[in-house]
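Heads up, work39.pdb below (PDB, C-alpha atoms):
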ATOM      1  CA  THR A1293     -55.468  28.047 -79.635  1.00  0.00           C
ATOM      2  CA  SER A1294     -55.771  31.280 -81.654  1.00  0.00           C
ATOM      3  CA  GLY A1295     -59.101  30.512 -83.320  1.00  0.00           C
ATOM      4  CA  ASP A1296     -57.790  32.336 -86.391  1.00  0.00           C
ATOM      5  CA  ALA A1297     -59.182  31.082 -89.714  1.00  0.00           C
ATOM      6  CA  GLY A1298     -55.961  31.917 -91.558  1.00  0.00           C
ATOM      7  CA  GLU A1299     -53.885  29.884 -89.158  1.00  0.00           C
ATOM      8  CA  ALA A1300     -56.385  27.032 -89.458  1.00  0.00           C
ATOM      9  CA  ARG A1301     -55.905  27.034 -93.238  1.00  0.00           C
ATOM     10  CA  ASP A1302     -52.125  27.042 -92.758  1.00  0.00           C
ATOM     11  CA  LEU A1303     -52.446  24.056 -90.439  1.00  0.00           C
ATOM     12  CA  TRP A1304     -54.599  22.189 -92.939  1.00  0.00           C
ATOM     13  CA  ASP A1305     -52.103  22.897 -95.725  1.00  0.00           C
ATOM     14  CA  ARG A1306     -49.279  21.628 -93.524  1.00  0.00           C
ATOM     15  CA  LEU A1307     -51.196  18.457 -92.672  1.00  0.00           C
ATOM     16  CA  VAL A1308     -51.868  17.812 -96.368  1.00  0.00           C
ATOM     17  CA  GLY A1309     -48.191  18.429 -97.073  1.00  0.00           C
ATOM     18  CA  ILE A1310     -47.127  15.944 -94.405  1.00  0.00           C
ATOM     19  CA  ALA A1311     -49.518  13.359 -95.844  1.00  0.00           C
ATOM     20  CA  ASP A1312     -48.089  13.955 -99.330  1.00  0.00           C
ATOM     21  CA  GLU A1313     -44.570  13.451 -97.992  1.00  0.00           C
ATOM     22  CA  LYS A1314     -45.435  10.191 -96.246  1.00  0.00           C
ATOM     23  CA  ARG A1315     -47.765   8.644 -98.838  1.00  0.00           C
ATOM     24  CA  PRO A1316     -45.205   7.649-101.528  1.00  0.00           C
ATOM     25  CA  VAL A1317     -43.145   5.634 -99.041  1.00  0.00           C
ATOM     26  CA  GLY A1318     -46.073   4.242 -97.068  1.00  0.00           C
ATOM     27  CA  GLY A1319     -45.008   6.230 -94.009  1.00  0.00           C
ATOM     28  CA  SER A1320     -47.091   7.028 -90.957  1.00  0.00           C
ATOM     29  CA  LEU A1321     -47.079   9.261 -87.876  1.00  0.00           C
ATOM     30  CA  ASP A1322     -48.563   8.719 -84.449  1.00  0.00           C
ATOM     31  CA  LEU A1323     -49.903  11.622 -82.395  1.00  0.00           C
ATOM     32  CA  ARG A1324     -46.607  12.200 -80.580  1.00  0.00           C
ATOM     33  CA  GLU A1325     -44.640  12.393 -83.826  1.00  0.00           C
ATOM     34  CA  LEU A1326     -47.215  14.651 -85.458  1.00  0.00           C
ATOM     35  CA  LEU A1327     -47.133  17.043 -82.495  1.00  0.00           C
ATOM     36  CA  ALA A1328     -43.343  17.095 -82.619  1.00  0.00           C
ATOM     37  CA  THR A1329     -43.538  18.095 -86.291  1.00  0.00           C
ATOM     38  CA  LEU A1330     -46.083  20.869 -85.720  1.00  0.00           C
ATOM     39  CA  ARG A1331     -45.325  22.085 -82.187  1.00  0.00           C
ATOM     40  CA  ASN A1332     -42.980  24.924 -83.135  1.00  0.00           C
ATOM     41  CA  CYS A1333     -45.298  26.220 -85.873  1.00  0.00           C
ATOM     42  CA  PHE A1334     -48.732  26.229 -84.241  1.00  0.00           C
ATOM     43  CA  GLY A1335     -50.205  26.748 -80.791  1.00  0.00           C
ATOM     44  CA  PHE A1336     -52.391  23.821 -79.766  1.00  0.00           C
ATOM     45  CA  ARG A1337     -54.795  23.284 -76.920  1.00  0.00           C
ATOM     46  CA  ASP A1338     -54.198  20.358 -74.611  1.00  0.00           C
ATOM     47  CA  HIS A1339     -55.184  16.923 -75.799  1.00  0.00           C
ATOM     48  CA  PHE A1340     -58.708  16.595 -74.416  1.00  0.00           C
ATOM     49  CA  ASP A1341     -57.923  13.532 -72.285  1.00  0.00           C
ATOM     50  CA  PHE A1342     -55.056  15.283 -70.477  1.00  0.00           C
ATOM     51  CA  ARG A1343     -56.609  18.658 -69.622  1.00  0.00           C
ATOM     52  CA  THR A1344     -57.675  17.743 -66.092  1.00  0.00           C
ATOM     53  CA  ASP A1345     -54.330  16.065 -65.440  1.00  0.00           C
ATOM     54  CA  TRP A1346     -52.459  19.202 -66.510  1.00  0.00           C
ATOM     55  CA  GLU A1347     -54.600  21.334 -64.220  1.00  0.00           C
ATOM     56  CA  MET A1348     -53.615  19.167 -61.249  1.00  0.00           C
ATOM     57  CA  ILE A1349     -49.934  18.996 -62.179  1.00  0.00           C
ATOM     58  CA  LEU A1350     -49.546  22.715 -62.816  1.00  0.00           C
ATOM     59  CA  ARG A1351     -51.424  23.666 -59.649  1.00  0.00           C
ATOM     60  CA  ARG A1352     -49.099  21.522 -57.533  1.00  0.00           C
ATOM     61  CA  SER A1353     -46.053  22.852 -59.355  1.00  0.00           C
ATOM     62  CA  ARG A1354     -47.107  26.473 -58.824  1.00  0.00           C
ATOM     63  CA  ASP A1355     -47.571  25.797 -55.111  1.00  0.00           C
ATOM     64  CA  ALA A1356     -44.081  24.261 -54.854  1.00  0.00           C
ATOM     65  CA  MET A1357     -42.472  27.087 -56.826  1.00  0.00           C
ATOM     66  CA  ALA A1358     -44.183  29.706 -54.667  1.00  0.00           C
ATOM     67  CA  ASP A1359     -42.021  28.553 -51.748  1.00  0.00           C
ATOM     68  CA  VAL A1360     -38.812  29.289 -53.702  1.00  0.00           C
ATOM     69  CA  GLU A1361     -37.457  32.806 -53.162  1.00  0.00           C
ATOM     70  CA  THR A1362     -35.463  34.432 -55.965  1.00  0.00           C
ATOM     71  CA  ARG A1363     -34.546  37.531 -53.946  1.00  0.00           C
ATOM     72  CA  ILE A1364     -32.696  38.119 -50.682  1.00  0.00           C
ATOM     73  CA  ALA A1365     -35.194  39.349 -48.076  1.00  0.00           C
ATOM     74  CA  SER A1366     -37.510  40.049 -51.032  1.00  0.00           C
ATOM     75  CA  LEU A1367     -35.261  42.963 -52.036  1.00  0.00           C
ATOM     76  CA  ALA A1368     -31.909  42.182 -53.656  1.00  0.00           C
ATOM     77  CA  GLN A1369     -31.563  39.692 -56.483  1.00  0.00           C
ATOM     78  CA  LEU A1370     -28.325  37.805 -56.992  1.00  0.00           C
ATOM     79  CA  PRO A1371     -26.524  38.464 -60.328  1.00  0.00           C
ATOM     80  CA  THR A1372     -27.015  35.141 -62.094  1.00  0.00           C
ATOM     81  CA  SER A1373     -27.074  36.106 -65.785  1.00  0.00           C
ATOM     82  CA  GLU A1374     -23.962  34.036 -66.625  1.00  0.00           C
ATOM     83  CA  ASP A1375     -25.353  31.022 -64.779  1.00  0.00           C
ATOM     84  CA  ARG A1376     -28.703  31.323 -66.555  1.00  0.00           C
ATOM     85  CA  ALA A1377     -26.985  31.525 -69.952  1.00  0.00           C
ATOM     86  CA  SER A1378     -24.938  28.414 -69.165  1.00  0.00           C
ATOM     87  CA  ILE A1379     -28.005  26.490 -68.008  1.00  0.00           C
ATOM     88  CA  ARG A1380     -29.984  27.507 -71.093  1.00  0.00           C
ATOM     89  CA  GLN A1381     -27.162  26.364 -73.367  1.00  0.00           C
ATOM     90  CA  LYS A1382     -26.943  22.981 -71.658  1.00  0.00           C
ATOM     91  CA  LEU A1383     -30.704  22.432 -71.762  1.00  0.00           C
ATOM     92  CA  ALA A1384     -30.847  23.375 -75.430  1.00  0.00           C
ATOM     93  CA  SER A1385     -27.978  21.082 -76.420  1.00  0.00           C
ATOM     94  CA  ALA A1386     -28.515  18.081 -74.130  1.00  0.00           C
ATOM     95  CA  GLY A1387     -32.084  18.420 -72.868  1.00  0.00           C
ATOM     96  CA  VAL A1388     -30.873  18.025 -69.287  1.00  0.00           C
ATOM     97  CA  CYS A1389     -28.831  20.085 -66.830  1.00  0.00           C
ATOM     98  CA  ILE A1390     -27.646  19.315 -63.300  1.00  0.00           C
ATOM     99  CA  LEU A1391     -27.199  22.178 -60.825  1.00  0.00           C
ATOM    100  CA  VAL A1392     -24.733  21.342 -58.060  1.00  0.00           C
ATOM    101  CA  GLY A1393     -23.883  23.752 -55.237  1.00  0.00           C
ATOM    102  CA  GLU A1394     -23.807  24.454 -51.522  1.00  0.00           C
ATOM    103  CA  SER A1395     -27.020  24.544 -49.537  1.00  0.00           C
ATOM    104  CA  GLY A1396     -28.632  27.954 -49.905  1.00  0.00           C
ATOM    105  CA  SER A1397     -26.555  28.921 -52.945  1.00  0.00           C
ATOM    106  CA  GLY A1398     -29.612  29.637 -55.074  1.00  0.00           C
ATOM    107  CA  LYS A1399     -30.001  26.462 -57.150  1.00  0.00           C
ATOM    108  CA  SER A1400     -33.772  26.312 -56.751  1.00  0.00           C
ATOM    109  CA  ALA A1401     -34.061  30.036 -57.420  1.00  0.00           C
ATOM    110  CA  LEU A1402     -32.128  29.617 -60.669  1.00  0.00           C
ATOM    111  CA  ALA A1403     -34.367  26.722 -61.674  1.00  0.00           C
ATOM    112  CA  LYS A1404     -37.443  28.838 -60.973  1.00  0.00           C
ATOM    113  CA  GLU A1405     -36.114  31.795 -62.979  1.00  0.00           C
ATOM    114  CA  ILE A1406     -35.293  29.565 -65.963  1.00  0.00           C
ATOM    115  CA  SER A1407     -38.682  27.877 -65.844  1.00  0.00           C
ATOM    116  CA  LEU A1408     -40.642  31.129 -65.679  1.00  0.00           C
ATOM    117  CA  ALA A1409     -38.616  32.817 -68.406  1.00  0.00           C
ATOM    118  CA  ASP A1410     -38.199  30.014 -70.935  1.00  0.00           C
ATOM    119  CA  TYR A1411     -40.892  27.364 -70.491  1.00  0.00           C
ATOM    120  CA  PRO A1412     -44.661  27.651 -70.890  1.00  0.00           C
ATOM    121  CA  ARG A1413     -45.095  24.724 -68.478  1.00  0.00           C
ATOM    122  CA  THR A1414     -43.065  23.462 -65.536  1.00  0.00           C
ATOM    123  CA  VAL A1415     -43.513  20.235 -63.592  1.00  0.00           C
ATOM    124  CA  TRP A1416     -41.798  20.802 -60.232  1.00  0.00           C
ATOM    125  CA  LEU A1417     -41.098  17.560 -58.349  1.00  0.00           C
ATOM    126  CA  THR A1418     -39.910  17.616 -54.736  1.00  0.00           C
ATOM    127  CA  ALA A1419     -38.825  14.737 -52.505  1.00  0.00           C
ATOM    128  CA  ASN A1420     -42.209  14.143 -50.864  1.00  0.00           C
ATOM    129  CA  VAL A1421     -44.135  14.264 -54.151  1.00  0.00           C
ATOM    130  CA  LEU A1422     -42.166  11.357 -55.626  1.00  0.00           C
ATOM    131  CA  ASP A1423     -41.914   9.254 -52.470  1.00  0.00           C
ATOM    132  CA  HIS A1424     -44.053   6.363 -53.713  1.00  0.00           C
ATOM    133  CA  ASP A1425     -43.552   2.720 -54.596  1.00  0.00           C
ATOM    134  CA  SER A1426     -44.524   3.141 -58.244  1.00  0.00           C
ATOM    135  CA  LEU A1427     -45.585   5.660 -60.856  1.00  0.00           C
ATOM    136  CA  VAL A1428     -49.125   4.321 -60.503  1.00  0.00           C
ATOM    137  CA  ASP A1429     -49.085   5.207 -56.791  1.00  0.00           C
ATOM    138  CA  PHE A1430     -47.593   8.605 -57.624  1.00  0.00           C
ATOM    139  CA  GLY A1431     -50.366   9.241 -60.148  1.00  0.00           C
ATOM    140  CA  SER A1432     -53.034   8.365 -57.596  1.00  0.00           C
ATOM    141  CA  ALA A1433     -51.432  10.632 -54.984  1.00  0.00           C
ATOM    142  CA  VAL A1434     -51.401  13.671 -57.296  1.00  0.00           C
ATOM    143  CA  ASN A1435     -54.833  12.879 -58.783  1.00  0.00           C
ATOM    144  CA  ILE A1436     -53.870  12.323 -62.408  1.00  0.00           C
ATOM    145  CA  ARG A1437     -55.565   9.676 -64.531  1.00  0.00           C
ATOM    146  CA  HIS A1438     -52.799   9.036 -67.041  1.00  0.00           C
ATOM    147  CA  PRO A1439     -49.083   8.229 -66.706  1.00  0.00           C
ATOM    148  CA  LEU A1440     -46.986  11.379 -66.258  1.00  0.00           C
ATOM    149  CA  VAL A1441     -44.690  10.503 -69.155  1.00  0.00           C
ATOM    150  CA  ASP A1442     -47.670  10.109 -71.525  1.00  0.00           C
ATOM    151  CA  ILE A1443     -49.009  13.496 -70.409  1.00  0.00           C
ATOM    152  CA  LEU A1444     -45.641  15.151 -71.005  1.00  0.00           C
ATOM    153  CA  ARG A1445     -45.137  13.489 -74.392  1.00  0.00           C
ATOM    154  CA  ALA A1446     -48.456  14.850 -75.635  1.00  0.00           C
ATOM    155  CA  ALA A1447     -47.883  18.382 -74.308  1.00  0.00           C
ATOM    156  CA  PRO A1448     -48.563  21.035 -76.959  1.00  0.00           C
ATOM    157  CA  THR A1449     -45.721  23.265 -75.692  1.00  0.00           C
ATOM    158  CA  ARG A1450     -42.185  23.055 -74.325  1.00  0.00           C
ATOM    159  CA  CYS A1451     -42.002  21.710 -70.777  1.00  0.00           C
ATOM    160  CA  LEU A1452     -39.412  21.744 -68.007  1.00  0.00           C
ATOM    161  CA  VAL A1453     -39.345  18.985 -65.403  1.00  0.00           C
ATOM    162  CA  VAL A1454     -37.506  20.079 -62.249  1.00  0.00           C
ATOM    163  CA  PHE A1455     -36.230  17.458 -59.800  1.00  0.00           C
ATOM    164  CA  ASP A1456     -35.533  19.854 -56.943  1.00  0.00           C
ATOM    165  CA  GLY A1457     -33.150  19.025 -54.106  1.00  0.00           C
ATOM    166  CA  ILE A1458     -32.609  15.372 -54.929  1.00  0.00           C
ATOM    167  CA  GLU A1459     -30.240  15.020 -51.961  1.00  0.00           C
ATOM    168  CA  ALA A1460     -33.454  14.798 -49.920  1.00  0.00           C
ATOM    169  CA  TYR A1461     -35.059  12.149 -52.151  1.00  0.00           C
ATOM    170  CA  THR A1462     -35.641   8.733 -50.640  1.00  0.00           C
ATOM    171  CA  ASP A1463     -34.540   5.651 -52.568  1.00  0.00           C
ATOM    172  CA  GLN A1464     -38.146   5.271 -53.736  1.00  0.00           C
ATOM    173  CA  ALA A1465     -38.257   8.846 -55.002  1.00  0.00           C
ATOM    174  CA  LEU A1466     -34.919   8.430 -56.773  1.00  0.00           C
ATOM    175  CA  ARG A1467     -36.156   5.301 -58.525  1.00  0.00           C
ATOM    176  CA  LEU A1468     -39.253   7.119 -59.782  1.00  0.00           C
ATOM    177  CA  ALA A1469     -37.192  10.123 -60.897  1.00  0.00           C
ATOM    178  CA  SER A1470     -34.856   7.793 -62.788  1.00  0.00           C
ATOM    179  CA  THR A1471     -37.802   5.991 -64.400  1.00  0.00           C
ATOM    180  CA  ILE A1472     -39.411   9.250 -65.517  1.00  0.00           C
ATOM    181  CA  ALA A1473     -36.140  10.548 -66.987  1.00  0.00           C
ATOM    182  CA  THR A1474     -35.350   7.267 -68.745  1.00  0.00           C
ATOM    183  CA  GLU A1475     -38.820   6.943 -70.287  1.00  0.00           C
ATOM    184  CA  LEU A1476     -38.773  10.547 -71.488  1.00  0.00           C
ATOM    185  CA  PHE A1477     -35.400  10.185 -73.173  1.00  0.00           C
ATOM    186  CA  SER A1478     -36.245   6.812 -74.718  1.00  0.00           C
ATOM    187  CA  SER A1479     -39.510   8.184 -76.122  1.00  0.00           C
ATOM    188  CA  GLY A1480     -37.758  11.007 -77.950  1.00  0.00           C
ATOM    189  CA  ALA A1481     -39.708  13.767 -76.175  1.00  0.00           C
ATOM    190  CA  ALA A1482     -37.328  16.520 -77.289  1.00  0.00           C
ATOM    191  CA  HIS A1483     -39.711  19.277 -76.155  1.00  0.00           C
ATOM    192  CA  VAL A1484     -39.347  18.145 -72.519  1.00  0.00           C
ATOM    193  CA  HIS A1485     -36.170  19.208 -70.693  1.00  0.00           C
ATOM    194  CA  LEU A1486     -34.933  18.090 -67.277  1.00  0.00           C
ATOM    195  CA  LEU A1487     -33.325  20.271 -64.611  1.00  0.00           C
ATOM    196  CA  ILE A1488     -31.890  18.579 -61.519  1.00  0.00           C
ATOM    197  CA  SER A1489     -30.584  20.319 -58.391  1.00  0.00           C
ATOM    198  CA  LEU A1490     -28.546  18.825 -55.562  1.00  0.00           C
ATOM    199  CA  GLN A1491     -25.961  19.766 -52.962  1.00  0.00           C
ATOM    200  CA  PHE A1492     -22.203  19.237 -53.408  1.00  0.00           C
ATOM    201  CA  GLN A1493     -21.922  16.654 -50.652  1.00  0.00           C
ATOM    202  CA  SER A1494     -24.580  14.494 -52.306  1.00  0.00           C
ATOM    203  CA  ALA A1495     -23.298  14.692 -55.873  1.00  0.00           C
ATOM    204  CA  ASP A1496     -21.107  11.586 -55.693  1.00  0.00           C
ATOM    205  CA  THR A1497     -23.708   9.380 -54.028  1.00  0.00           C
ATOM    206  CA  ARG A1498     -26.816  10.530 -55.910  1.00  0.00           C
TER     207      ARG A1498
END
Please lay out the structure from this file as structure tokens.
Amino acid sequence: TSGDAGEARDLWDRLVGIADEKRPVGGSLDLRELLATLRNCFGFRDHFDFRTDWEMILRRSRDAMADVETRIASLAQLPTSEDRASIRQKLASAGVCILVGESGSGKSALAKEISLADYPRTVWLTANVLDHDSLVDFGSAVNIRHPLVDILRAAPTRCLVVFDGIEAYTDQALRLASTIATELFSSGAAHVHLLISLQFQSADTR
């Protein structure tokens, strides 16, 4: 992303080094594994095939996040520094965190603050967005051409996926949320973290 010739040389040297490490043992890397190796060292543009998909996903996520207030009457902000630190620690160690609280207690606001402060990209998924029979139907509804998990796996930066207010999710939406989470974890997408919010009364059933 920088266009800097010095960084380009550093990238080339790193690629040659990776090839040298793999060659003696006949090893190989696919794109996902190569990105995982380089992601924290270099800033990459989006994979060409996924650029339009990211534009659609991020636009929808920004619209959803715009409806989440982080201040009371747009003036006072709740003191949540301890909560944010706890959430960050859980996301860093486990890759997933579940926020459980009363309605109106600020769960969505916390999720928004964490996403804006710590993650270059956030995919914000509400109940109506995921209310489809399949991931194919979901993709068609949000106008993306590739499976969401593939898009996330190839992301050049850290990502946060927020399942907001899952007490309102239909059974269909819950199935899709579970599928997305399972596929992300099974694919080893360590740069993608999950944040889930729900109300106390729904915690046992959801």
Report task. Give me the residues within 9 Å of range 1423-1429 of chain A as a count of residues only, counting only C-alpha atoms and dropping any in the same chain fewer than 3 places off. Result -> 19
Name the residues captured by the PyMOL selection byres ((chain A and resi 1390) around 9) when it is applied to the shown file; answer as a PDB file with C-alpha atoms, in the frame of the given file.
ATOM      1  CA  ILE A1379     -28.005  26.490 -68.008  1.00  0.00           C
ATOM      2  CA  VAL A1388     -30.873  18.025 -69.287  1.00  0.00           C
ATOM      3  CA  CYS A1389     -28.831  20.085 -66.830  1.00  0.00           C
ATOM      4  CA  LEU A1391     -27.199  22.178 -60.825  1.00  0.00           C
ATOM      5  CA  VAL A1392     -24.733  21.342 -58.060  1.00  0.00           C
ATOM      6  CA  LEU A1486     -34.933  18.090 -67.277  1.00  0.00           C
ATOM      7  CA  LEU A1487     -33.325  20.271 -64.611  1.00  0.00           C
ATOM      8  CA  ILE A1488     -31.890  18.579 -61.519  1.00  0.00           C
ATOM      9  CA  SER A1489     -30.584  20.319 -58.391  1.00  0.00           C
ATOM     10  CA  LEU A1490     -28.546  18.825 -55.562  1.00  0.00           C
TER      11      LEU A1490
END
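Against the coordinates shown, the PyMOL selection byres ((chain A and resi 1413) around 8) returns Leu1350, Ser1407, Tyr1411, Pro1412, Thr1414, Val1415, Thr1449, Arg1450, Cys1451 and Leu1452 of chain A.
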Query raised in the report: Written as a ChimeraX atom specification, which residues does the PyMOL selection byres ((chain A and resi 1399) around 12) give for the file shown?
Result: /A:1360-1362,1370,1372,1375-1376,1379,1389-1398,1400-1406,1454-1458,1487-1492
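Using only C-alpha atoms for every distance, the candidate list A:Lys1382, A:Ala1446, A:Glu1299, A:Ser1470 yields A:Ser1470 as the residue closest to Leu1422 in chain A.
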To box range 1314-1327 of chain A, take all atoms listed in the file, fit an axis-aligned box, add 8 Å on each side, and give centre and edge lengths in Å to one decimal, as lines of an AutoDock Vina configuration file.
center_x = -46.5
center_y = 10.6
center_z = -91.1
size_x = 22.8
size_y = 28.8
size_z = 36.9
Requested in this report: Would you kindly return, as a VMD selection string, each protein, DNA or RNA residue with an atom no farther than 9 Å from any atom of Ser1320 in chain A, considering all atoms listed in the file and excluding same-chain residues fewer than 3 positions away?
Outcome: chain A and resid 1311 1314 to 1315
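CA of Ala1297 in chain A sits 28.2 Å away from CA of Asp1410 in chain A.
One finds CA of Cys1333 in chain A at 12.4 Å from CA of Trp1304 in chain A.
Going from CA of Ile1436 in chain A over to CA of Trp1346 in chain A, you cover 8.1 Å.
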Report summary line: Of A:Met1357, A:Leu1444, A:Ala1386, A:Val1308, the one sitting nearest Leu1408 in chain A when using only C-alpha atoms is A:Met1357
Determine, counting all atoms listed in the file, which protein, DNA and RNA residues have an atom within 12 Å of an atom of Ala1300 in chain A; residues of the same chain fewer than 4 positions away are not included. Present the result as a tab-separated table (two decimals) with C-alpha atoms, in the frame of the given file.
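Result file out_14.tsv:
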chain	number	residue	atom	x	y	z
A	1293	THR	CA	-55.47	28.05	-79.64
A	1294	SER	CA	-55.77	31.28	-81.65
A	1295	GLY	CA	-59.10	30.51	-83.32
A	1296	ASP	CA	-57.79	32.34	-86.39
A	1304	TRP	CA	-54.60	22.19	-92.94
A	1305	ASP	CA	-52.10	22.90	-95.72
A	1306	ARG	CA	-49.28	21.63	-93.52
A	1307	LEU	CA	-51.20	18.46	-92.67
A	1333	CYS	CA	-45.30	26.22	-85.87
A	1334	PHE	CA	-48.73	26.23	-84.24
A	1335	GLY	CA	-50.20	26.75	-80.79
A	1336	PHE	CA	-52.39	23.82	-79.77
Residue rebuild result range 1419-1436 of chain A, N, CA and C atoms as a PDB file, keeping the file's coordinate frame:
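For reference, rebuild-v1.pdb as written:
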ATOM      1  N   ALA A1419     -39.065  16.061 -53.083  1.00  0.00           N
ATOM      2  CA  ALA A1419     -38.825  14.737 -52.505  1.00  0.00           C
ATOM      3  C   ALA A1419     -40.116  14.056 -52.076  1.00  0.00           C
ATOM      4  N   ASN A1420     -40.994  14.779 -51.382  1.00  0.00           N
ATOM      5  CA  ASN A1420     -42.209  14.143 -50.864  1.00  0.00           C
ATOM      6  C   ASN A1420     -43.188  13.780 -51.968  1.00  0.00           C
ATOM      7  N   VAL A1421     -43.193  14.538 -53.062  1.00  0.00           N
ATOM      8  CA  VAL A1421     -44.135  14.264 -54.151  1.00  0.00           C
ATOM      9  C   VAL A1421     -43.835  12.928 -54.820  1.00  0.00           C
ATOM     10  N   LEU A1422     -42.552  12.589 -54.935  1.00  0.00           N
ATOM     11  CA  LEU A1422     -42.166  11.357 -55.626  1.00  0.00           C
ATOM     12  C   LEU A1422     -41.935  10.171 -54.697  1.00  0.00           C
ATOM     13  N   ASP A1423     -42.199  10.323 -53.428  1.00  0.00           N
ATOM     14  CA  ASP A1423     -41.914   9.254 -52.470  1.00  0.00           C
ATOM     15  C   ASP A1423     -43.035   8.215 -52.476  1.00  0.00           C
ATOM     16  N   HIS A1424     -43.043   7.412 -53.551  1.00  0.00           N
ATOM     17  CA  HIS A1424     -44.053   6.363 -53.713  1.00  0.00           C
ATOM     18  C   HIS A1424     -43.409   5.109 -54.290  1.00  0.00           C
ATOM     19  N   ASP A1425     -44.093   3.997 -54.125  1.00  0.00           N
ATOM     20  CA  ASP A1425     -43.552   2.720 -54.596  1.00  0.00           C
ATOM     21  C   ASP A1425     -43.498   2.635 -56.117  1.00  0.00           C
ATOM     22  N   SER A1426     -44.442   3.270 -56.793  1.00  0.00           N
ATOM     23  CA  SER A1426     -44.524   3.141 -58.244  1.00  0.00           C
ATOM     24  C   SER A1426     -45.105   4.409 -58.841  1.00  0.00           C
ATOM     25  N   LEU A1427     -44.988   4.520 -60.169  1.00  0.00           N
ATOM     26  CA  LEU A1427     -45.585   5.660 -60.856  1.00  0.00           C
ATOM     27  C   LEU A1427     -47.105   5.630 -60.788  1.00  0.00           C
ATOM     28  N   VAL A1428     -47.670   4.439 -60.674  1.00  0.00           N
ATOM     29  CA  VAL A1428     -49.125   4.321 -60.503  1.00  0.00           C
ATOM     30  C   VAL A1428     -49.539   4.937 -59.172  1.00  0.00           C
ATOM     31  N   ASP A1429     -48.783   4.626 -58.101  1.00  0.00           N
ATOM     32  CA  ASP A1429     -49.085   5.207 -56.791  1.00  0.00           C
ATOM     33  C   ASP A1429     -48.873   6.717 -56.807  1.00  0.00           C
ATOM     34  N   PHE A1430     -47.836   7.166 -57.487  1.00  0.00           N
ATOM     35  CA  PHE A1430     -47.593   8.605 -57.624  1.00  0.00           C
ATOM     36  C   PHE A1430     -48.772   9.276 -58.324  1.00  0.00           C
ATOM     37  N   GLY A1431     -49.239   8.679 -59.418  1.00  0.00           N
ATOM     38  CA  GLY A1431     -50.366   9.241 -60.148  1.00  0.00           C
ATOM     39  C   GLY A1431     -51.612   9.353 -59.291  1.00  0.00           C
ATOM     40  N   SER A1432     -51.869   8.328 -58.482  1.00  0.00           N
ATOM     41  CA  SER A1432     -53.034   8.365 -57.596  1.00  0.00           C
ATOM     42  C   SER A1432     -52.889   9.463 -56.547  1.00  0.00           C
ATOM     43  N   ALA A1433     -51.670   9.637 -56.033  1.00  0.00           N
ATOM     44  CA  ALA A1433     -51.432  10.632 -54.984  1.00  0.00           C
ATOM     45  C   ALA A1433     -51.624  12.059 -55.486  1.00  0.00           C
ATOM     46  N   VAL A1434     -51.281  12.308 -56.753  1.00  0.00           N
ATOM     47  CA  VAL A1434     -51.401  13.671 -57.296  1.00  0.00           C
ATOM     48  C   VAL A1434     -52.672  13.835 -58.137  1.00  0.00           C
ATOM     49  N   ASN A1435     -53.512  12.812 -58.128  1.00  0.00           N
ATOM     50  CA  ASN A1435     -54.833  12.879 -58.783  1.00  0.00           C
ATOM     51  C   ASN A1435     -54.756  13.076 -60.295  1.00  0.00           C
ATOM     52  N   ILE A1436     -53.874  12.322 -60.950  1.00  0.00           N
ATOM     53  CA  ILE A1436     -53.870  12.323 -62.408  1.00  0.00           C
ATOM     54  C   ILE A1436     -54.304  10.941 -62.895  1.00  0.00           C
TER      55      ILE A1436
END
